[in-house]
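As structure tokens, the structure follows; a few thoughts come after it.
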Amino acid sequence: MALKMVKGSIDRMFDKNLQDLVRGIRNHKEDEAKYISQCIDEIKQELKQDNIAVKANAVCKLTYLQMLGYDISWAAFNIIEVMSASKFTFKRIGYLAASQCFHEGTDVIMLTTNQIRKDLSSPSQYDTGVALTGLSCFVTPDLARDLANDIMTLMSHTKPYIRKKAVLIMYKVFLKYPESLRPAFPRLKEKLEDPDPGVQSAAVNVICELARRNPKNYLSLAPLFFKLMTSSTNNWVLIKIIKLFGALTPLEPRLGKKLIEPLTNLIHSTSAMSLLYECVNTVIAVLISLSSGMPNHSASIQLCVQKLRILIEDSDQNLKYLGLLAMSKILRTHPKSVQAHKDLVLQCLDDKDESIRLRALDLLYGMVSKKNLMEIVKKLMTHVDKAEGTTYRDELLTKIIDICSQSNYQHITNFEWYISILVELTRLEGTRHGHLIAAQMLDVAIRVKAIRRFAVSQMSTLLDSAHLVASSTQRSSICEVLYAAAWICGEFSEHLQEPQQTLEAMLRPKVTTLPGHIQAVYVQNVVKLYAAILQQKEQAADAQAAQEVTQLLVERLPQFVQSADLEAQERASCILQLVKHVQKLQARDVPVAEEVSALFAGELNPVAPKAQKKVPVPEGLDLDAWINEPLSDSESEDEKPKAIFHDEEPRHAKQRPPEADEQELARRREARKQEQANNPFYIKSSPSPQKRYQDAPGVDHIPVVQIDLSVPLKVPGMPMSDQYVKLEEERRHRQRLEKDKRKRKKRERERRGARRHTSLHTESDEDITPAQRVDIVTEEMPENALPSDEDDKDPNDPYRALDIDLDKPLADSEKLPVQKHRDTETSKSPERQDVTVVEKKSKKPKRKEKKQKEKEREKKKKKEAEKGVDLDFWLSTTPPAATPAPLPPGFLQEEPGVNAAVTAPKEERRGEEQDAGEDAEQDLEKKPSEQKKKKHKKDKGERSKDKKRPKKRAPPREGDAEPVQNGALREEPLPPMSSYSLLAENSYIKMTYDVQGSLQKDSQVTVSMVLENQSSSFLKNMELNVLDSLNARLARPEGSSVHDGVPVPFQLPPGISNEAQFVFTIQSIVTAQKLKGTLSFIAKNDEGSTHEKLDFKLHFTCTSYLVTTPCYSDAFAKLLESGDLSMSSVKVDGISMSFQNLLAKICFHHHFSVVERVDSCASMYSRSIQGHHVCLLVKKGEKSVSVDGKCSDSTLLSNVLEEMKETLAKC
Amino acid sequence: MLRAPAWSCFRFPPRRPRPGPALSKPCPAAPGGARARACAGGGGWGRIASEIPRRGSCARPRPGPQLPPGRPGSAMIKAILIFNNHGKPRLSKFYQPYSEDTQQQIIRETFHLVSKRDENVCNFLEGGLLIGGSDNKLIYRHYATLYFVFCVDSSESELGILDLIQVFVETLDKCFENVCELDLIFHVDKVHNILAEMVMGGMVLETNMNEIVTQIDAQNKLEKSEAGLAGAPARAVSAVKNMNLPEIPRNINIGDISIKVPNLPSFK
């Protein structure tokens, strides 16, 4: 056997391998194509052999040829053969080739399903890995559907290497098979807290990408991400999360408020430029979403702008580029703060790097004012002349137009200047934006009445020199401006100086070389001109001249009749007949001018681009109703694929039975939209750039100043805008002088004697009066237009399908398809072997099924409501501005610089309590410290009456979401709870604390300590020290000895409380322990300051090492079955509390989560920071509760149970 | 203690090396031995040469769904391209389906855009018309004779990708021991394998170089063990073939690749 293999390999060692192929190609530079064709022949021979190694070698070579541009899809089947090789070496080659050349259209791809499934479940992690990698490149809807379940199981694989790949590929699966999103989501969410940083990062990656497309469905994850953001040190993850928050904040402004502080901290602290940049970006997004309601957000803006300036001034071009990019985002909402850096932007405009110049151009948009517009545009015009690449020049052109036309031509004081700029721009060769210039010309000429005379004269010059423009027609679209010129000259022909000359220019034979639509406009406007001339001549009683004009038309129009363009041809022949008729009339000396001009009587008004859309649907008209009886369903189904335009049916159309009318209608609507989208004759609402036409109220009221131009401006072919700049300067100077004079006179009159010089004259924007009356006609809208402004989303968006509500509980029908064996028996017996995780989860115990189901439904409803409440609750931790809570004395003394965090603990509680009855609120007002204690111990009796909604107290910062969720089973109101317990107290200060662990750090716990100043002194220099034990030690800053204390990072004014966090390192977590410690501080009041200290004993319970971890019932069952767990149990008598509340209490105080609950019996799960599993079975009897526990460590279990006993005894 | 990923510390100005002497001259022609073999094997073939689709010749239109430019694709990294100073592709990985012709066009267009830029300008480019629309950016780095270009959409952090490229090149350097263009030319499959450990389906999979190298090493070991006895003669032949290679100028000259220890604490 071995001998045979050796022999085989000797045979093939003289086959060409990849290296030989590459070498060969390099040696055949002259006849490369021929050489490669030979090689492909060889490869084809090799593929025919049985030896898999030879095949793999051939496929490997093909992959290389694919890169060179050769189609290798003909070898698809062979690639699949190599993929199914048993050896990893060959498998990898096969999958690589597949990932390079397979796509949805590859027909053999459906043969791979089983092979891939086999590889996915292979015992070798690299086989699985290579299959996942390959699949990620060519996954199709079918593959996604068939393999979704397999991949989902891999998400809980033991190897992080597989887990991270499985998590990542889920995104592709979701895209191709959106139905998988909901079943898979809980597990995906779980992976956000995976112990492996790579898996965690992958999960963040996927969820961020999902959330970026449909942010609103992921708002409920905000608390979790917030926690990750504050705890993660992985920059890649941080960047993703921060980017995600940028997408979420527009939907939930309260989130923004919560984010600002940690983000600003990050900005200050991080050294990684990428992170800094993303933070700034998100802060900007937050500020945009807030835009109002934040008192001190100008500080944040300043910080951002300041940081960005540093970036822009950096010598590194990349930072400069990004700085400008971010700056342009600020510009949209806070133009003022950016304007301060105008110098910088103008400087970047001269940068040698095109990317940077482009970004600077974007910013320029916000930099212009009436004062500097001309200057800036002049600068840009010189850039236009210098620019070599057409892309950059085109960009310049659009920017010039953008800048000038922004907010209804707000900054233009002299429209003659603007028209001449536009005319100058027409001399650009090879620009793609001719239509843009044309649109501007038309817009200005129509909407600024005062400019029409000037515009017409310029346009006639342009028409006259049309050959210049039209000569370079080939690639450019600049001849579009002739369209505008012709129209303007025709429409406003009354302003023309020499209409006859223009008419002749428009009738030149050269015109027929222009594009058809321009010719059509020419023809139409020739008649307008003609009408005007007739009128003129007849008034002058110059019949001879009138007839000559008619003759000219009759002679020249036939050239348009022969035009290739249908529109031009039709108009021309129509008009030709008309003119011939006029000629006849003229011959009989009948005055015709009146009638001909009547053709064009009345003025055309501009219509808003969205006017058509805004026409309201008349009452009683249902556009979706059938005009005739709808055809029977089967027929319509058959007809649907209108094969001419598209043969792709809207997805799921067939799967969904036509059950509800609503659904059916929606489906049809969808189908019609699709059809329309594919129908070339259906006019779609193009996503036109929305100009904001806001009324510029100031402009209309500015007094009109007539200006006499001293220089004749009609020199064709000369750049004239410069002259305007000079003229404008002079004009402004004159104005200023006049104004000054007036002012001075006034002042002199007012206060004689006391003279003051106004040598320093600052000119503000408002001082500049525009040269023309800018009477901008607003565009017309239909009567009672609909105010709605929403734009339809692109129906083809592939991410639309993923717009799925993830908070809704899973329905039974939502399972991932599972591969089933084709057993005849399976149809009879319930499918047991293949039940998926999801199925199991949603499966209910057989007995009392109905009742259970109902309960479940109720539970789900509650859970849903709960979710909403959760988020609100989390977000409202900072006080809503609208409801001013009564402040404790001393609270108001707080200086504004102290940020939200200082007030947080107190205010959070306030937020939670808002519905806890007003009496409580008043209590709190009187003596806040007492209140806290009260709540802690006895609260049930006196509160249970006024509660409509379940609630409880959660630790203020982290981990607040989980316990609330766990309480979802509650049927009756639950007393408020706090996990904070009293640490120590004296007349100065009160300390409460809570211990939290995190799954990410297996030997660390965080102690959150709330310090409350109970005295009237100012407490400062607080320092906390703890006597370390062998097992537990305080994490001190680097370089300090074990005897040094850790400073508390804040000071406490009287009456204020704040929270500090300390990290402790724990070796063994199986036993509880106490640490002695001291808090020392300086208390300062009017009499002086004293050193004080307070001793305390920090109690680390075993519970505090547990972290709430959700667990599926199937995993739970497996865990119990595994037999690695030791068992122990306790029983507590005399418990009157309802089971509901009991569970909630365990969940909350001992960090457990409910796995399953059946009547008065529940299984619960938690996990220690070092990975011990703790499983509980809680049973409630008449007056007692028994708790059975299983845990991987017996000591830990008995300790936890002891602690639990104590808690329960209090019930 | 894991080393923190390279991108967590951005040293600026970035390590943009001058073209070293190693690859400033065109790559040496393959040795005579290989040429002789290639020619000898060439006789008698070419029978069905007419069937073979040529580069640039009219390829059949693909039945697959071609994403029109501008429409959002499914990947965040749309494509990864490596080509040399003359535009010769050394690696192309597209995370969206394109026909071979379009792929070549994209490579050409990208090369055209990137190659005309100076050395001291920023590493970001907009305006690739074929691949993606306005949402997309080209982020590239130039090392000696090679351009590494990533085409990404707006969900990726620009600086992050820039450092990902650096990680990629450093990983190549580790796996090939002083990587040079020739390594990429002759071992494009290996480069693909390395890339697959970093980016999967257009999403960043791993940014920690040590982790990547570990996985690659493990896979290589697996490969070697699979070849076993049967692989020995093949290895010998390949060694003989490679002996003919002249003193390959090693070293792609990626410049100073020592990474400054970041200020941020790393995992665990």
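Identifiers in this document derive from the order of the structure tokens: chains are assigned A, B, ..., residues are numbered from 1 separately in each chain, and ligands are numbered from 1 in order of occurrence.
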Q. Leaving out Gln103 of chain B and any residue of its chain fewer than 5 positions from it, which residues lie within 10 Å of it when counting only C-alpha atoms, given as a VMD selection string?
A. (chain A and resid 66 to 69) or (chain B and resid 79 92 to 94 97 to 98 108 to 109 130 to 131)
Q | Proximal residues of chain A relative to chain B (only C-alpha atoms; 6 Å) as a count of residues only | A | 23
(Q) So that I can check the surroundings of Ile194 of chain B, please list as a PyMOL selection string every protein, DNA and RNA residue that reaches within 9 Å of it, counting only C-alpha atoms and ignoring chain neighbours fewer than 4 positions away. (A) chain B and resi 168+171-172+175+189-190+198+212-213+216
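Across segment 140-177 of chain B, DSSP run on the backbone finds strand (DSSP E) at Tyr140, Arg141, His142, Tyr143, Leu146, Tyr147, Phe148, Val149, Phe150, Cys151 and Val152 of chain B.
Considering the residues A:Leu553, A:Ala1144, A:Lys1179, A:Ala211 and counting only C-alpha atoms, Cys1161 of chain A has its shortest atom-to-atom contact with A:Lys1179.
Residue neighbourhood of Lys336 of chain A, excluding near-sequence residues (fewer than 2 positions): Ser298, Ile301, Gln302, Val305, Met327, Ile330, Leu331, Arg332, Thr333, His334, Val338, Gln339, Ala340, His341, Lys342, Gly366, Met367, Val368 and Ser369 of chain A, at 12 Å, using only C-alpha atoms.
Note that atom CA of Cys1147 of chain A and atom CA of Ser1168 of chain A are 14.1 Å apart.
Put simply, atom CA of Ile106 of chain B is 22.0 Å away from atom CA of Asp394 of chain A.
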Q.
I need the residues of segment 124-165 of chain B that end up classed as alpha helix (DSSP H) by DSSP on the backbone, written out as a PyMOL selection string.
A. chain B and resi 158-165
Q | Residue contacts of Met1137 of chain A (10 Å, only C-alpha atoms) excluding same-chain residues fewer than 2 positions away, as number ranges by chain | A | A: 1134-1135, 1139-1143, 1183-1184, 1208, 1210-1211
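Picture a line from atom CA of Leu566 of chain A to atom CA of Val579 of chain A; it runs 19.8 Å.
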Q) So which residues touch Thr1090 of chain A within 12 Å, counting only C-alpha atoms, skipping near sequence neighbours fewer than 4 positions away, as number ranges by chain? A) A: 988, 1017-1021, 1080-1086
Those same residues - all heavy atoms - I'd like them written as an mmCIF file, in the first residue's frame.
data_model
loop_
_atom_site.group_PDB
_atom_site.id
_atom_site.type_symbol
_atom_site.label_atom_id
_atom_site.label_comp_id
_atom_site.auth_asym_id
_atom_site.auth_seq_id
_atom_site.Cartn_x
_atom_site.Cartn_y
_atom_site.Cartn_z
ATOM 1 N N TYR A 988 -19.879 61.288 59.798
ATOM 2 C CA TYR A 988 -19.456 61.971 58.595
ATOM 3 C C TYR A 988 -19.961 61.284 57.327
ATOM 4 O O TYR A 988 -20.449 61.904 56.405
ATOM 5 C CB TYR A 988 -17.927 62.038 58.518
ATOM 6 C CG TYR A 988 -17.338 63.013 59.476
ATOM 7 C CD1 TYR A 988 -16.734 62.572 60.637
ATOM 8 C CD2 TYR A 988 -17.398 64.392 59.211
ATOM 9 C CE1 TYR A 988 -16.180 63.478 61.518
ATOM 10 C CE2 TYR A 988 -16.855 65.294 60.097
ATOM 11 C CZ TYR A 988 -16.243 64.828 61.252
ATOM 12 O OH TYR A 988 -15.700 65.714 62.110
ATOM 13 N N SER A 1017 -19.734 68.960 56.531
ATOM 14 C CA SER A 1017 -18.353 69.288 56.150
ATOM 15 C C SER A 1017 -18.101 68.833 54.721
ATOM 16 O O SER A 1017 -18.813 67.999 54.168
ATOM 17 C CB SER A 1017 -17.362 68.568 57.057
ATOM 18 O OG SER A 1017 -17.824 68.523 58.367
ATOM 19 N N PHE A 1018 -17.035 69.376 54.221
ATOM 20 C CA PHE A 1018 -16.603 68.999 52.878
ATOM 21 C C PHE A 1018 -15.573 67.885 53.037
ATOM 22 O O PHE A 1018 -14.576 68.058 53.753
ATOM 23 C CB PHE A 1018 -15.995 70.223 52.206
ATOM 24 C CG PHE A 1018 -15.752 70.044 50.750
ATOM 25 C CD1 PHE A 1018 -16.762 70.340 49.846
ATOM 26 C CD2 PHE A 1018 -14.530 69.592 50.275
ATOM 27 C CE1 PHE A 1018 -16.554 70.187 48.501
ATOM 28 C CE2 PHE A 1018 -14.324 69.433 48.934
ATOM 29 C CZ PHE A 1018 -15.335 69.731 48.041
ATOM 30 N N LEU A 1019 -15.800 66.756 52.428
ATOM 31 C CA LEU A 1019 -14.879 65.634 52.611
ATOM 32 C C LEU A 1019 -13.938 65.540 51.421
ATOM 33 O O LEU A 1019 -14.373 65.531 50.277
ATOM 34 C CB LEU A 1019 -15.654 64.325 52.747
ATOM 35 C CG LEU A 1019 -16.700 64.264 53.861
ATOM 36 C CD1 LEU A 1019 -17.324 62.884 53.917
ATOM 37 C CD2 LEU A 1019 -16.089 64.630 55.205
ATOM 38 N N LYS A 1020 -12.659 65.488 51.743
ATOM 39 C CA LYS A 1020 -11.719 65.344 50.634
ATOM 40 C C LYS A 1020 -10.555 64.435 51.006
ATOM 41 O O LYS A 1020 -10.496 63.942 52.131
ATOM 42 C CB LYS A 1020 -11.218 66.717 50.184
ATOM 43 C CG LYS A 1020 -10.562 67.528 51.261
ATOM 44 C CD LYS A 1020 -10.120 68.855 50.684
ATOM 45 C CE LYS A 1020 -9.180 69.541 51.671
ATOM 46 N NZ LYS A 1020 -8.672 70.798 51.180
ATOM 47 N N ASN A 1021 -9.640 64.275 50.080
ATOM 48 C CA ASN A 1021 -8.482 63.387 50.261
ATOM 49 C C ASN A 1021 -8.880 62.020 50.800
ATOM 50 O O ASN A 1021 -8.254 61.482 51.704
ATOM 51 C CB ASN A 1021 -7.457 64.007 51.206
ATOM 52 C CG ASN A 1021 -6.783 65.182 50.545
ATOM 53 O OD1 ASN A 1021 -7.234 65.633 49.487
ATOM 54 N ND2 ASN A 1021 -5.718 65.665 51.142
ATOM 55 N N SER A 1080 -9.813 56.675 55.153
ATOM 56 C CA SER A 1080 -9.358 57.892 55.825
ATOM 57 C C SER A 1080 -9.704 59.081 54.947
ATOM 58 O O SER A 1080 -9.696 58.982 53.718
ATOM 59 C CB SER A 1080 -7.858 57.817 56.075
ATOM 60 O OG SER A 1080 -7.186 57.677 54.855
ATOM 61 N N PHE A 1081 -10.002 60.199 55.579
ATOM 62 C CA PHE A 1081 -10.363 61.384 54.806
ATOM 63 C C PHE A 1081 -10.165 62.646 55.631
ATOM 64 O O PHE A 1081 -9.967 62.590 56.841
ATOM 65 C CB PHE A 1081 -11.811 61.284 54.318
ATOM 66 C CG PHE A 1081 -12.812 60.996 55.399
ATOM 67 C CD1 PHE A 1081 -13.429 62.022 56.085
ATOM 68 C CD2 PHE A 1081 -13.132 59.683 55.717
ATOM 69 C CE1 PHE A 1081 -14.350 61.758 57.079
ATOM 70 C CE2 PHE A 1081 -14.047 59.411 56.713
ATOM 71 C CZ PHE A 1081 -14.662 60.442 57.406
ATOM 72 N N ILE A 1082 -10.222 63.760 54.972
ATOM 73 C CA ILE A 1082 -10.133 65.044 55.659
ATOM 74 C C ILE A 1082 -11.503 65.694 55.597
ATOM 75 O O ILE A 1082 -12.084 65.832 54.511
ATOM 76 C CB ILE A 1082 -9.082 65.954 55.012
ATOM 77 C CG1 ILE A 1082 -7.707 65.300 55.150
ATOM 78 C CG2 ILE A 1082 -9.109 67.336 55.639
ATOM 79 C CD1 ILE A 1082 -6.621 66.032 54.423
ATOM 80 N N ALA A 1083 -12.050 66.026 56.757
ATOM 81 C CA ALA A 1083 -13.335 66.710 56.792
ATOM 82 C C ALA A 1083 -13.074 68.189 57.017
ATOM 83 O O ALA A 1083 -12.369 68.573 57.955
ATOM 84 C CB ALA A 1083 -14.194 66.143 57.909
ATOM 85 N N LYS A 1084 -13.622 68.997 56.147
ATOM 86 C CA LYS A 1084 -13.313 70.425 56.240
ATOM 87 C C LYS A 1084 -14.616 71.190 56.388
ATOM 88 O O LYS A 1084 -15.550 71.018 55.604
ATOM 89 C CB LYS A 1084 -12.582 70.849 54.965
ATOM 90 C CG LYS A 1084 -12.022 72.240 55.020
ATOM 91 C CD LYS A 1084 -11.390 72.577 53.684
ATOM 92 C CE LYS A 1084 -11.049 74.039 53.629
ATOM 93 N NZ LYS A 1084 -10.692 74.436 52.282
ATOM 94 N N ASN A 1085 -14.699 72.003 57.419
ATOM 95 C CA ASN A 1085 -15.858 72.896 57.536
ATOM 96 C C ASN A 1085 -15.393 74.278 57.950
ATOM 97 O O ASN A 1085 -14.190 74.554 57.939
ATOM 98 C CB ASN A 1085 -16.894 72.301 58.494
ATOM 99 C CG ASN A 1085 -16.283 71.957 59.832
ATOM 100 O OD1 ASN A 1085 -15.219 72.482 60.194
ATOM 101 N ND2 ASN A 1085 -16.912 71.049 60.551
ATOM 102 N N ASP A 1086 -16.305 75.092 58.381
ATOM 103 C CA ASP A 1086 -15.951 76.481 58.695
ATOM 104 C C ASP A 1086 -14.902 76.571 59.797
ATOM 105 O O ASP A 1086 -14.051 77.460 59.798
ATOM 106 C CB ASP A 1086 -17.200 77.246 59.117
ATOM 107 C CG ASP A 1086 -18.212 77.256 58.000
ATOM 108 O OD1 ASP A 1086 -17.757 77.070 56.840
ATOM 109 O OD2 ASP A 1086 -19.412 77.414 58.253
#
Q) So which residues touch segment 399-406 of chain A within 7 Å, counting only C-alpha atoms, skipping near sequence neighbours fewer than 5 positions away, as a PyMOL selection string? A) chain A and resi 361+365+377+411-412
